[in-house]
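Chemist: Dumping the structure here so I can ask a few things about it.
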Amino acid sequence: MKQKLLGSASHFAAFGEEIAVRFLTGRWSHPALWRGRTRAEEAALRLWMTEREIAWHHRRGLRQIRENSWLRPARINLGSGNVRKDGFLNIDLFPGGDVTLDLRLGLPFESNCCEMVFSEHFFEHVEYPEPISLLMRECHRVLAPGGTLRFSVPDTEWPLNDYSQGSDASYFAACKERAWHPADCTTRLEHINYHFRQGNEHRFAYDEETARKLLESVGFENIAQDCFDPRLDAEHRRIGSLFLSACKSA
């Protein structure tokens with residue numbers, strides 16, 4: 001009787017997904033539904049809703065890959081956002097690229113198929129040491145022998161070096177001139193905190209030493225700090241980025 005009343009796990013999973021869809025489509029967005037909840041409860045509920053949306057987009061992306069025979073892409077762009085690069089399979093968590101995937105779960109492609117894996121200011125949004133280590137292992141797996149991983153992340157060594165030089169140092173001047181940070185960031189440490197966190201979007205900050213450690217741990221070779229490449233990199237990433245490349249052994 002108890003089992004019958006509780007129902008099956010699949011029933012509850014389906015019910016949970018229906019709740020998420022109703023919230024996400026605004027059908028259950030009336031303020032009364034949120035009244036009386038603490039901020040922590042609201043944050044937890046919004047996180048759950050976001051994760052359900054991500055899971056839905058991920059399943060849709062897997063179907064796209066099967067239906068379009070994209071299991072062996074030659075070049076992939078991870079965390080593309082709305083910026084599609086020609087000649088790449090552009091992948092992001094939410095719609096905007098060619099396919100939606102939750103990259104925290106790995107890469108649903110065949111091994112040894114890619115000549116290049118590219119990413120631009122995305123890896124800092126993934127938790128360290130996991131699941132970023134899993135994602136890097138997956139990048140290594142899908143690359144063909146001799147293939148290249150090329151990526152950029154925010155350059156964290158720059159603000160840390162400039163902190164002791166005062167508020168007129170080049171990093172803090174660039175933050176102001178380029179409007180990288182909100183207007184209410186006025187002290188050096190506020191700028192550095194925003195660099196590390198970007199609200200709640202950034203999960204980890206990198207320098208060359210730490211990125212190299214991560215890459216070596218999953219088997220990459222020929223790791224090198226790189227320069228801005230206008231053929232690959234967005235112009236607004238020219239300043240303030242750490243560019244790195246690494247290879248899978250031939």
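By convention here, the chains of the structure tokens are called A, B, ... in the order presented, each chain's residues are numbered starting at 1, and ligands are numbered starting at 1 in the order presented.
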Where in segment 99-146 of chain A does DSSP assign helix (DSSP H, G or I), given as a ChimeraX atom specification?
Modeler: /A:103-105,123-125,132-142
Chemist: Please identify all polymer residues within 12 Å of His236 of chain A, counting only C-alpha atoms, omitting same-chain residues fewer than 5 positions from it, and present them as an mmCIF file with N, CA and C atoms, in the first residue's frame.
Modeler:
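As written to disk, result11.cif reads:
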```cif
data_model
loop_
_atom_site.group_PDB
_atom_site.id
_atom_site.type_symbol
_atom_site.label_atom_id
_atom_site.label_comp_id
_atom_site.auth_asym_id
_atom_site.auth_seq_id
_atom_site.Cartn_x
_atom_site.Cartn_y
_atom_site.Cartn_z
ATOM 1 N N GLU A 120 36.796 29.915 -25.572
ATOM 2 C CA GLU A 120 37.123 31.312 -25.319
ATOM 3 C C GLU A 120 36.361 31.795 -24.089
ATOM 4 N N HIS A 121 37.102 32.016 -23.005
ATOM 5 C CA HIS A 121 36.518 32.518 -21.757
ATOM 6 C C HIS A 121 35.312 31.686 -21.332
ATOM 7 N N PRO A 154 40.309 34.487 -18.452
ATOM 8 C CA PRO A 154 40.787 35.759 -17.906
ATOM 9 C C PRO A 154 42.163 35.604 -17.262
ATOM 10 N N ARG A 178 37.502 50.140 -20.131
ATOM 11 C CA ARG A 178 36.789 49.156 -20.946
ATOM 12 C C ARG A 178 35.477 48.701 -20.329
ATOM 13 N N ALA A 179 35.128 49.267 -19.161
ATOM 14 C CA ALA A 179 33.869 48.938 -18.469
ATOM 15 C C ALA A 179 33.714 47.432 -18.264
ATOM 16 N N TRP A 180 34.809 46.799 -17.853
ATOM 17 C CA TRP A 180 34.752 45.363 -17.590
ATOM 18 C C TRP A 180 33.901 45.041 -16.375
ATOM 19 N N PHE A 228 47.450 36.347 -28.851
ATOM 20 C CA PHE A 228 46.174 36.632 -29.498
ATOM 21 C C PHE A 228 46.275 36.288 -30.980
ATOM 22 N N ASP A 229 45.264 35.570 -31.475
ATOM 23 C CA ASP A 229 45.225 35.176 -32.884
ATOM 24 C C ASP A 229 43.928 35.710 -33.492
ATOM 25 N N PRO A 230 44.005 36.736 -34.331
ATOM 26 C CA PRO A 230 42.775 37.333 -34.879
ATOM 27 C C PRO A 230 41.967 36.371 -35.732
ATOM 28 N N SER A 241 43.416 38.586 -21.418
ATOM 29 C CA SER A 241 43.240 37.142 -21.565
ATOM 30 C C SER A 241 44.565 36.397 -21.441
#
```
Chemist: Compare A:Ile192, A:Ala55, A:Leu47, A:Leu71 by their minimum atom-to-atom distance to Glu157 of chain A, counting only C-alpha atoms, and give me the closest one.
Modeler: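 Closest candidate: A:Ile192.
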Chemist: Find the distance between atom CA of Phe220 of chain A and atom CA of Ala246 of chain A and write it in Å to one decimal.
Modeler: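 Interatomic distance, atom CA of Phe220 of chain A to atom CA of Ala246 of chain A: 6.0 Å.
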Chemist: So what do you get for atom CA of Asn200 of chain A versus atom CA of Arg46 of chain A, distance-wise?
Modeler: 13.4 Å
Chemist: Counting only C-alpha atoms, which of A:Gln198, A:Thr100, A:Asn68, A:Thr156 gets nearest to Glu53 of chain A?
Modeler: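 For Glu53 of chain A, the nearest of the candidates is A:Thr100.
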Chemist: Determine, counting only C-alpha atoms, which protein, DNA and RNA residues have an atom within 12 Å of an atom of Asp102 of chain A; residues of the same chain fewer than 3 positions away are not included. Present the result as a PyMOL selection string.
Modeler: chain A and resi 50-62+78-79+91-95+99+105-108+126+131+135
